[in-house]
Amino acid sequence: SRLSRPPVQQHLYMLLSAVSVAVTVGSSRTTSSVRAGPARMVGSFDPASPVLTADDLRDGLSRALDGGLQRKHVALLGSTGSIGTQSLDIAREYPDYFEVVSLAAGSNVDLLAQQVAEFRPKVVGLADASKEQELRDRIRALGAAVPEIVAGPEGQTAVATAPGADTVVTGVVGCAGLLPTVEAIKLGRTIALANKETLIAGGPAILPLLKKHGAKMTPADSEHSAIFQCLQGVPPGALRRVILTASGGAFRDFSAAELRKLNAEQPDVVRAKATTHPNWDMGAKITVDSATMMNKGLEARHFLDTS
């Protein structure tokens, strides 16, 4: 079955899963099959995402019976990327449910200025400190007030910990999201995680912090969010197999022999192709992960027991 974006009355992590969510059983697409033992649905570690715990079931039921959704105040890391722009699409469509408190981006000051003018965040982070003045000028040119701007590596943490935010969406690439995520967890904020590397690199440290500070972390991107949604209400021991869909990356139409030959004869072509996804513009790191299928392992590692 294919999952589409669920109704707005569900939690924020359900709404943010609008980013190309699909779980396909028996699909003709390239798939990576992850088997789980019949007696265990998760591994021996505590899962980052709340699945089938008594407290979270009560919390979900309480919210459903309440008949409404409290307004979320969102801090968005990576606002100019794919995750960020689609998260803002949701905030734009449902302004009664979502308020954007803070935004952080890398160097795309043109798009960031437009976002600031539209959503009027209180705090803005800009990784490329050399473009701070350009960002200020662009915001003023759009007729908007200039908010507090924190440039440089401290910008993302300032955005994640901005006063008034209760939900932090981490749409940045690589380990750059680790420190701001940790600081947001210390404040007890809900983490809508689209950055798999945060858990891969810092899982042993982050998972105890979630418990210590009473924070929640839910997957907000792609297959791991869809799988998380599918697991809600599944009794222990009922999960036999998970099938992860995969685009196959840049080399999906090459046989192993063809790829070996091309790598030997034209390594530069292989290198260039590995960083150019046929469908998505995701940046070099994630594109290479897609080409090597490493992204499937990253998606599964901290949400299911694949040992």
# chains A, B, ... in the order shown; residues from 1 in each chain; ligands from 1
$ select_by_dssp --residues "segment 58-277 of chain A" --states "strand (DSSP E)" --output "ChimeraX atom specification"
/A:72-77,98-105,123-126,148-151,167-170,190-193,217-219,241-245
$ closest_residue --among "A:Val172, A:Ile83, A:Ala54, A:Ala165" --to "Lys285 of chain A" --atoms "only C-alpha atoms"
A:Val172
$ atom_distance --atom1 "atom CA of Ala192 of chain A" --atom2 "atom CA of Ser225 of chain A"
9.8 Å
$ select_by_dssp --residues "segment 176-215 of chain A" --states "helix (DSSP H, G or I)" --output "list in words"
Ala176, Gly177, Leu178, Leu179, Pro180, Thr181, Val182, Glu183, Ala184, Ile185, Lys186, Lys196, Glu197, Thr198, Leu199, Ile200, Ala201, Gly202, Gly203, Pro204, Ala205, Ile206, Leu207, Pro208, Leu209, Leu210, Lys211, Lys212 and His213 of chain A
$ write_last_selection --atoms "N, CA, C and O atoms" --output "tab-separated table (two decimals), in the first residue's frame"
chain	number	residue	atom	x	y	z
A	176	ALA	N	26.03	17.87	11.02
A	176	ALA	CA	25.82	19.27	11.40
A	176	ALA	C	24.60	19.43	12.29
A	176	ALA	O	24.51	20.40	13.05
A	177	GLY	N	23.66	18.48	12.21
A	177	GLY	CA	22.46	18.60	13.02
A	177	GLY	C	22.59	18.03	14.41
A	177	GLY	O	21.64	18.11	15.21
A	178	LEU	N	23.73	17.44	14.75
A	178	LEU	CA	23.86	16.73	16.02
A	178	LEU	C	23.80	17.67	17.22
A	178	LEU	O	22.99	17.46	18.14
A	179	LEU	N	24.65	18.70	17.24
A	179	LEU	CA	24.70	19.59	18.40
A	179	LEU	C	23.38	20.34	18.61
A	179	LEU	O	22.87	20.35	19.75
A	180	PRO	N	22.80	20.97	17.59
A	180	PRO	CA	21.51	21.64	17.84
A	180	PRO	C	20.41	20.69	18.28
A	180	PRO	O	19.55	21.06	19.08
A	181	THR	N	20.44	19.44	17.79
A	181	THR	CA	19.45	18.46	18.23
A	181	THR	C	19.61	18.15	19.71
A	181	THR	O	18.64	18.08	20.46
A	182	VAL	N	20.85	17.97	20.15
A	182	VAL	CA	21.13	17.70	21.56
A	182	VAL	C	20.64	18.84	22.44
A	182	VAL	O	19.98	18.63	23.48
A	183	GLU	N	20.92	20.07	22.03
A	183	GLU	CA	20.51	21.23	22.83
A	183	GLU	C	18.99	21.36	22.88
A	183	GLU	O	18.42	21.76	23.91
A	184	ALA	N	18.31	21.03	21.79
A	184	ALA	CA	16.84	21.08	21.78
A	184	ALA	C	16.25	20.00	22.68
A	184	ALA	O	15.25	20.22	23.37
A	185	ILE	N	16.87	18.82	22.68
A	185	ILE	CA	16.41	17.73	23.55
A	185	ILE	C	16.52	18.14	25.02
A	185	ILE	O	15.63	17.84	25.83
A	186	LYS	N	17.58	18.83	25.36
A	186	LYS	CA	17.78	19.27	26.75
A	186	LYS	C	16.66	20.20	27.21
A	186	LYS	O	16.40	20.33	28.41
A	196	LYS	N	19.19	11.46	9.31
A	196	LYS	CA	19.50	10.11	9.81
A	196	LYS	C	20.87	10.07	10.49
A	196	LYS	O	21.08	9.32	11.43
A	197	GLU	N	21.82	10.89	10.01
A	197	GLU	CA	23.17	10.85	10.54
A	197	GLU	C	23.23	11.25	12.01
A	197	GLU	O	24.14	10.85	12.73
A	198	THR	N	22.26	12.05	12.45
A	198	THR	CA	22.25	12.44	13.86
A	198	THR	C	22.17	11.23	14.77
A	198	THR	O	22.88	11.13	15.77
A	199	LEU	N	21.32	10.27	14.42
A	199	LEU	CA	21.21	9.07	15.24
A	199	LEU	C	22.35	8.10	14.98
A	199	LEU	O	22.79	7.39	15.89
A	200	ILE	N	22.81	8.02	13.73
A	200	ILE	CA	23.91	7.11	13.42
A	200	ILE	C	25.16	7.52	14.19
A	200	ILE	O	25.86	6.70	14.78
A	201	ALA	N	25.44	8.82	14.19
A	201	ALA	CA	26.66	9.31	14.85
A	201	ALA	C	26.49	9.44	16.35
A	201	ALA	O	27.42	9.20	17.11
A	202	GLY	N	25.31	9.85	16.79
A	202	GLY	CA	25.14	10.17	18.21
A	202	GLY	C	24.10	9.37	18.94
A	202	GLY	O	23.72	9.74	20.06
A	203	GLY	N	23.61	8.27	18.34
A	203	GLY	CA	22.56	7.48	18.96
A	203	GLY	C	22.81	7.10	20.40
A	203	GLY	O	21.95	7.30	21.26
A	204	PRO	N	23.99	6.54	20.72
A	204	PRO	CA	24.25	6.14	22.11
A	204	PRO	C	24.15	7.28	23.11
A	204	PRO	O	23.87	7.06	24.28
A	205	ALA	N	24.41	8.51	22.65
A	205	ALA	CA	24.30	9.66	23.54
A	205	ALA	C	22.91	10.27	23.52
A	205	ALA	O	22.39	10.73	24.54
A	206	ILE	N	22.27	10.27	22.34
A	206	ILE	CA	20.99	10.94	22.18
A	206	ILE	C	19.85	10.18	22.84
A	206	ILE	O	18.97	10.77	23.50
A	207	LEU	N	19.82	8.86	22.69
A	207	LEU	CA	18.70	8.10	23.22
A	207	LEU	C	18.53	8.24	24.73
A	207	LEU	O	17.41	8.45	25.21
A	208	PRO	N	19.62	8.18	25.52
A	208	PRO	CA	19.45	8.43	26.96
A	208	PRO	C	19.00	9.86	27.26
A	208	PRO	O	18.26	10.09	28.23
A	209	LEU	N	19.43	10.82	26.43
A	209	LEU	CA	19.01	12.20	26.65
A	209	LEU	C	17.51	12.37	26.46
A	209	LEU	O	16.86	13.15	27.19
A	210	LEU	N	16.95	11.67	25.48
A	210	LEU	CA	15.51	11.75	25.26
A	210	LEU	C	14.74	11.33	26.51
A	210	LEU	O	13.78	11.98	26.92
A	211	LYS	N	15.19	10.23	27.12
A	211	LYS	CA	14.53	9.74	28.32
A	211	LYS	C	14.75	10.69	29.50
A	211	LYS	O	13.82	10.98	30.26
A	212	LYS	N	15.98	11.18	29.62
A	212	LYS	CA	16.31	12.04	30.75
A	212	LYS	C	15.49	13.32	30.75
A	212	LYS	O	15.04	13.78	31.81
A	213	HIS	N	15.30	13.91	29.56
A	213	HIS	CA	14.65	15.22	29.48
A	213	HIS	C	13.18	15.13	29.05
A	213	HIS	O	12.54	16.18	28.85
$ closest_atom_pairs --of "segment 157-202 of chain A" --to "segment 93-107 of chain A" --cutoff "9 Å" --atoms "only C-alpha atoms" --output "JSON lines"
{"residue": "A:Ala158", "atom": "CA", "partner": "A:Ser102", "partner_atom": "CA", "distance": 8.7}
{"residue": "A:Val159", "atom": "CA", "partner": "A:Ser102", "partner_atom": "CA", "distance": 5.4}
{"residue": "A:Ala160", "atom": "CA", "partner": "A:Ser102", "partner_atom": "CA", "distance": 7.7}
{"residue": "A:Ala162", "atom": "CA", "partner": "A:Ser102", "partner_atom": "CA", "distance": 6.6}
{"residue": "A:Pro163", "atom": "CA", "partner": "A:Val101", "partner_atom": "CA", "distance": 8.1}
{"residue": "A:Gly164", "atom": "CA", "partner": "A:Val101", "partner_atom": "CA", "distance": 7.0}
{"residue": "A:Ala165", "atom": "CA", "partner": "A:Val101", "partner_atom": "CA", "distance": 6.0}
{"residue": "A:Val172", "atom": "CA", "partner": "A:Ala105", "partner_atom": "CA", "distance": 8.3}
$ closest_residue --among "A:Ala91, A:Val169, A:Ala250, A:Cys175" --to "Thr287 of chain A" --atoms "only C-alpha atoms"
A:Ala250
$ closest_residue --among "A:Gly237, A:Val168, A:Asp55, A:Leu88" --to "Gly214 of chain A" --atoms "only C-alpha atoms"
A:Asp55
$ closest_residue --among "A:Phe119, A:Pro278, A:Leu126, A:Ile286" --to "Glu154 of chain A" --atoms "only C-alpha atoms"
A:Leu126
